[in-house]
Structures are given as C-alpha cells and as structure tokens.
Amino acid sequence: MARAIERIEQDIAALKETIRAIAVELKTAYASYLATLGLAVRKQLILASYHLCTQGYPENFLHLSLNQRQQLQQAIRKLGQLAAEQLLIYIKSEETGGDEENVTSSSSVTLDKSIPEPLAPDTSNPIELATWQQKLEEVTQEILKKLSHDANLLLQKAGVLPKKLPEPILAAAAAASEASAEVMPGPPNLLNLVIEIENEQQLEDSGLTQIMAINLRLGEIEFADVTLSSERRQIRNILVQLNKLGREYQKKHRERAIAEAEAAWRSSWFED
C-alpha cells in the first residue's frame, strides 16, 4: 500500500510540472492577447465614436467648433490608451509582485479600484489556474464596459449625445432591454435603440425615442481583428489541455485519498 501511495505521489508531482509549463504558456498567450486587444480596442473605440458623431448625431457634432472637435477626439484617444494600458496591468502586476506603483509609474495610469484584480494562482494547481483565467476574462469585460460608459459620458458632456439621455442607458447599455428597449441593427460596438422615456422629447407620432450609444463588445472586437482572433484560438487550445490535465489531477488526488484511507483503516483495525 505504501508503494501504491508513493507511485500516486510521483504521478501527482509529474502532473504538477506539466501544469506549471501549461501555466507559463497560458500567461504568455494572455499577455500577447491583451496587448493586441488593447490596440484593437483603441481602434474600435475611435471607429465607434466616428460612426456615432457622423451617423448617429451629425447635427450635434457639426455644432461643435473646430477646437471642441479636436479636444473631443484627443480625449477619446486618451480613453482608449488608458484602457489598453489597464488591460495589461493585471498581467504585469504579477511579474512585479503586485507592486502597482512600479507598474504605473512610467504611464501615470491609475488602477481602477472598482475592478477586482485576479489573485495570483498556484501555477501547479489547475483549479486555481482556471479560476484565475475566469477572473481575468471578467476583468476584461469590466474594462470594456467602463470604457464604453466613460466614452458615452465624454460624448454627452461635449454635447454630441443628448444631455438628458438616461444614466442607466449609459451605465448599462448592454442591459438596455430592461428599459423596454428594442435593439436595432447598426455599426459594430454601437447600441442603436428605440426606447420609451417619460417626460422626454419624443419622436413625432411614435411615443418613442431613438438613441445611439457606444457599447464595446469583445466578440465584435475579436471578429474584426484577425490577429486577435488567432490569439483567442490559441488560448482556447491551451485551456483544452489545462482542462484535460485538471481532470487527471483530480483523479489522482482522489486515488491518493482512497489509498491513504485504506491504509489508515488497516493501521487502526484490531480484531476482537
């Protein structure tokens, strides 16, 4: 029985080494993916802003002076740059031991404390790695959501988006169906809606108000970028390997627990 437990321990040790190697691949793949995503997000934010200003609210945009337009465009570029850098903060913070000051000193970027940082996992534990990966995906979605919200507020403050556009629409554009809204087809990363708003100026004879707002969506951003799509596929392939190893890891731990329990039973058993 002792030899059986020893063999299981050796199998677990070998699995851990393999999982650590997979963890390195996964983190490297995510670092590359997030860097590419940052560039794609900046591009799609500018493209969505262009569509909103020229097709959604062209009259409002034309009312701006040349200086106001340039300031708005510069602010949009800065928002995109901030989001691109923030996407990489969580990977880099692990490399610097979680020292945010070292991570942000060169860019003066402030980490958004409202977005939880994925805890550094035990790279030999597939369960912790899977949890870390899921949290990283959640953080990515939160950054895109916040970027969309901040961009809409910026456009509203500049006078492009209607001043009286409801805050819930800006804060949760993706959940606009909760406001009895109907999603309409349109350019990518934009929410084109017809909603009913009380005490607001409404479309003639319709009782409805049509609005357009920025809503950056990861799926659409990946679809528009070949490199990003390829890097996403690489991450999926690594996760398939990790899931397979995770099942084997749990199986071996189960075998060890059974073997140890059997040994413990025998060691404590006495005949009457």
# chains A, B, ... in the order shown; residues from 1 in each chain; ligands from 1
$ residues_around --residues "segment 13-18 of chain A" --least-positions-apart "5" --cutoff "10 Å" --atoms "only C-alpha atoms" --output "short mmCIF file (atom, residue, chain, number, x, y, z; two decimals) with N, CA and C atoms, in the first residue's frame"
data_model
loop_
_atom_site.label_atom_id
_atom_site.label_comp_id
_atom_site.auth_asym_id
_atom_site.auth_seq_id
_atom_site.Cartn_x
_atom_site.Cartn_y
_atom_site.Cartn_z
N ARG A 7 3.68 5.79 -5.65
CA ARG A 7 3.52 5.92 -7.10
C ARG A 7 2.52 7.03 -7.45
N ILE A 8 1.45 7.10 -6.69
CA ILE A 8 0.46 8.16 -6.92
C ILE A 8 1.08 9.53 -6.68
N ALA A 23 0.80 26.59 -17.48
CA ALA A 23 0.50 27.90 -16.89
C ALA A 23 1.36 28.98 -17.53
N THR A 123 0.49 27.98 -9.68
CA THR A 123 0.57 27.55 -11.09
C THR A 123 0.66 26.04 -11.25
N SER A 124 0.72 25.31 -10.15
CA SER A 124 0.69 23.85 -10.25
C SER A 124 -0.70 23.30 -9.96
N ASN A 125 -1.63 24.19 -9.66
CA ASN A 125 -2.99 23.79 -9.32
C ASN A 125 -3.94 24.19 -10.45
N PRO A 126 -4.46 23.23 -11.21
CA PRO A 126 -5.31 23.58 -12.36
C PRO A 126 -6.61 24.26 -11.97
N LEU A 242 -5.39 22.32 -20.41
CA LEU A 242 -5.48 22.54 -18.96
C LEU A 242 -6.67 21.78 -18.37
N LEU A 245 -5.75 18.09 -18.12
CA LEU A 245 -4.84 17.88 -17.00
C LEU A 245 -5.56 18.05 -15.66
N GLY A 246 -6.52 18.98 -15.64
CA GLY A 246 -7.28 19.20 -14.41
C GLY A 246 -8.08 17.98 -14.01
N GLU A 248 -7.32 14.88 -14.81
CA GLU A 248 -6.36 13.88 -14.36
C GLU A 248 -5.82 14.21 -12.96
N TYR A 249 -5.64 15.49 -12.71
CA TYR A 249 -5.16 15.97 -11.40
C TYR A 249 -6.16 15.59 -10.30
N LYS A 252 -6.14 11.75 -9.73
CA LYS A 252 -5.00 11.28 -8.94
C LYS A 252 -5.15 11.65 -7.46
#
$ closest_residue --among "A:Asp150, A:Leu218, A:Ala120, A:Arg247" --to "Lys92 of chain A" --atoms "only C-alpha atoms"
A:Ala120
$ select_by_dssp --residues "segment 132-165 of chain A" --states "alpha helix (DSSP H)" --output "VMD selection string"
chain A and resid 132 to 158
$ write_last_selection --atoms "N, CA and C atoms" --output "PDB file, in the first residue's frame"
ATOM      1  N   TRP A 132      -8.360  31.791 -11.954  1.00  0.00           N
ATOM      2  CA  TRP A 132      -7.628  32.998 -12.362  1.00  0.00           C
ATOM      3  C   TRP A 132      -8.004  33.399 -13.788  1.00  0.00           C
ATOM      4  N   GLN A 133      -8.098  32.417 -14.674  1.00  0.00           N
ATOM      5  CA  GLN A 133      -8.439  32.705 -16.062  1.00  0.00           C
ATOM      6  C   GLN A 133      -9.842  33.286 -16.181  1.00  0.00           C
ATOM      7  N   GLN A 134     -10.779  32.728 -15.434  1.00  0.00           N
ATOM      8  CA  GLN A 134     -12.152  33.234 -15.460  1.00  0.00           C
ATOM      9  C   GLN A 134     -12.225  34.662 -14.929  1.00  0.00           C
ATOM     10  N   LYS A 135     -11.492  34.942 -13.854  1.00  0.00           N
ATOM     11  CA  LYS A 135     -11.476  36.295 -13.298  1.00  0.00           C
ATOM     12  C   LYS A 135     -10.860  37.284 -14.283  1.00  0.00           C
ATOM     13  N   LEU A 136      -9.814  36.843 -14.977  1.00  0.00           N
ATOM     14  CA  LEU A 136      -9.175  37.717 -15.961  1.00  0.00           C
ATOM     15  C   LEU A 136     -10.143  38.077 -17.081  1.00  0.00           C
ATOM     16  N   GLU A 137     -10.949  37.103 -17.506  1.00  0.00           N
ATOM     17  CA  GLU A 137     -11.961  37.367 -18.528  1.00  0.00           C
ATOM     18  C   GLU A 137     -13.008  38.355 -18.001  1.00  0.00           C
ATOM     19  N   GLU A 138     -13.383  38.189 -16.735  1.00  0.00           N
ATOM     20  CA  GLU A 138     -14.360  39.108 -16.138  1.00  0.00           C
ATOM     21  C   GLU A 138     -13.794  40.521 -16.057  1.00  0.00           C
ATOM     22  N   VAL A 139     -12.527  40.632 -15.688  1.00  0.00           N
ATOM     23  CA  VAL A 139     -11.879  41.943 -15.611  1.00  0.00           C
ATOM     24  C   VAL A 139     -11.859  42.601 -16.989  1.00  0.00           C
ATOM     25  N   THR A 140     -11.543  41.814 -18.012  1.00  0.00           N
ATOM     26  CA  THR A 140     -11.520  42.342 -19.380  1.00  0.00           C
ATOM     27  C   THR A 140     -12.878  42.905 -19.779  1.00  0.00           C
ATOM     28  N   GLN A 141     -13.934  42.171 -19.459  1.00  0.00           N
ATOM     29  CA  GLN A 141     -15.285  42.638 -19.765  1.00  0.00           C
ATOM     30  C   GLN A 141     -15.623  43.901 -18.985  1.00  0.00           C
ATOM     31  N   GLU A 142     -15.198  43.966 -17.726  1.00  0.00           N
ATOM     32  CA  GLU A 142     -15.466  45.147 -16.902  1.00  0.00           C
ATOM     33  C   GLU A 142     -14.755  46.379 -17.458  1.00  0.00           C
ATOM     34  N   ILE A 143     -13.521  46.194 -17.937  1.00  0.00           N
ATOM     35  CA  ILE A 143     -12.774  47.320 -18.513  1.00  0.00           C
ATOM     36  C   ILE A 143     -13.480  47.838 -19.764  1.00  0.00           C
ATOM     37  N   LEU A 144     -13.956  46.930 -20.607  1.00  0.00           N
ATOM     38  CA  LEU A 144     -14.682  47.346 -21.812  1.00  0.00           C
ATOM     39  C   LEU A 144     -15.976  48.057 -21.453  1.00  0.00           C
ATOM     40  N   LYS A 145     -16.666  47.543 -20.447  1.00  0.00           N
ATOM     41  CA  LYS A 145     -17.920  48.166 -20.003  1.00  0.00           C
ATOM     42  C   LYS A 145     -17.672  49.573 -19.474  1.00  0.00           C
ATOM     43  N   LYS A 146     -16.612  49.702 -18.659  1.00  0.00           N
ATOM     44  CA  LYS A 146     -16.308  51.021 -18.093  1.00  0.00           C
ATOM     45  C   LYS A 146     -15.841  51.991 -19.178  1.00  0.00           C
ATOM     46  N   LEU A 147     -15.060  51.488 -20.140  1.00  0.00           N
ATOM     47  CA  LEU A 147     -14.612  52.331 -21.240  1.00  0.00           C
ATOM     48  C   LEU A 147     -15.804  52.835 -22.050  1.00  0.00           C
ATOM     49  N   SER A 148     -16.760  51.949 -22.322  1.00  0.00           N
ATOM     50  CA  SER A 148     -17.960  52.360 -23.055  1.00  0.00           C
ATOM     51  C   SER A 148     -18.710  53.445 -22.295  1.00  0.00           C
ATOM     52  N   HIS A 149     -18.848  53.233 -21.002  1.00  0.00           N
ATOM     53  CA  HIS A 149     -19.566  54.196 -20.158  1.00  0.00           C
ATOM     54  C   HIS A 149     -18.854  55.546 -20.140  1.00  0.00           C
ATOM     55  N   ASP A 150     -17.532  55.522 -19.934  1.00  0.00           N
ATOM     56  CA  ASP A 150     -16.762  56.776 -19.880  1.00  0.00           C
ATOM     57  C   ASP A 150     -16.785  57.501 -21.214  1.00  0.00           C
ATOM     58  N   ALA A 151     -16.720  56.741 -22.303  1.00  0.00           N
ATOM     59  CA  ALA A 151     -16.764  57.367 -23.634  1.00  0.00           C
ATOM     60  C   ALA A 151     -18.119  58.022 -23.879  1.00  0.00           C
ATOM     61  N   ASN A 152     -19.185  57.357 -23.463  1.00  0.00           N
ATOM     62  CA  ASN A 152     -20.516  57.947 -23.619  1.00  0.00           C
ATOM     63  C   ASN A 152     -20.678  59.208 -22.787  1.00  0.00           C
ATOM     64  N   LEU A 153     -20.149  59.181 -21.558  1.00  0.00           N
ATOM     65  CA  LEU A 153     -20.206  60.388 -20.719  1.00  0.00           C
ATOM     66  C   LEU A 153     -19.426  61.532 -21.354  1.00  0.00           C
ATOM     67  N   LEU A 154     -18.284  61.208 -21.928  1.00  0.00           N
ATOM     68  CA  LEU A 154     -17.458  62.209 -22.604  1.00  0.00           C
ATOM     69  C   LEU A 154     -18.204  62.822 -23.784  1.00  0.00           C
ATOM     70  N   LEU A 155     -18.837  61.979 -24.581  1.00  0.00           N
ATOM     71  CA  LEU A 155     -19.598  62.465 -25.742  1.00  0.00           C
ATOM     72  C   LEU A 155     -20.826  63.266 -25.304  1.00  0.00           C
ATOM     73  N   GLN A 156     -21.415  62.864 -24.199  1.00  0.00           N
ATOM     74  CA  GLN A 156     -22.563  63.605 -23.677  1.00  0.00           C
ATOM     75  C   GLN A 156     -22.136  64.978 -23.163  1.00  0.00           C
ATOM     76  N   LYS A 157     -21.006  65.006 -22.443  1.00  0.00           N
ATOM     77  CA  LYS A 157     -20.506  66.274 -21.916  1.00  0.00           C
ATOM     78  C   LYS A 157     -20.128  67.231 -23.039  1.00  0.00           C
ATOM     79  N   ALA A 158     -19.631  66.670 -24.146  1.00  0.00           N
ATOM     80  CA  ALA A 158     -19.239  67.503 -25.289  1.00  0.00           C
ATOM     81  C   ALA A 158     -20.443  68.022 -26.055  1.00  0.00           C
TER      82      ALA A 158
END
$ atom_distance --atom1 "atom CA of Glu222 of chain A" --atom2 "atom CA of Gln241 of chain A"
22.4 Å
$ closest_residue --among "A:His51, A:Arg42, A:Arg254, A:His63" --to "Ala83 of chain A" --atoms "only C-alpha atoms"
A:Arg42
$ closest_residue --among "A:His253, A:Arg20, A:Lys43, A:Arg3" --to "Asp225 of chain A" --atoms "only C-alpha atoms"
A:Lys43
$ closest_residue --among "A:Leu34, A:Ile46, A:Leu52, A:Val226" --to "Asn192 of chain A" --atoms "only C-alpha atoms"
A:Leu52
$ closest_residue --among "A:Gln55, A:Gln250, A:Gln44, A:Thr36" --to "Asn189 of chain A" --atoms "only C-alpha atoms"
A:Gln44
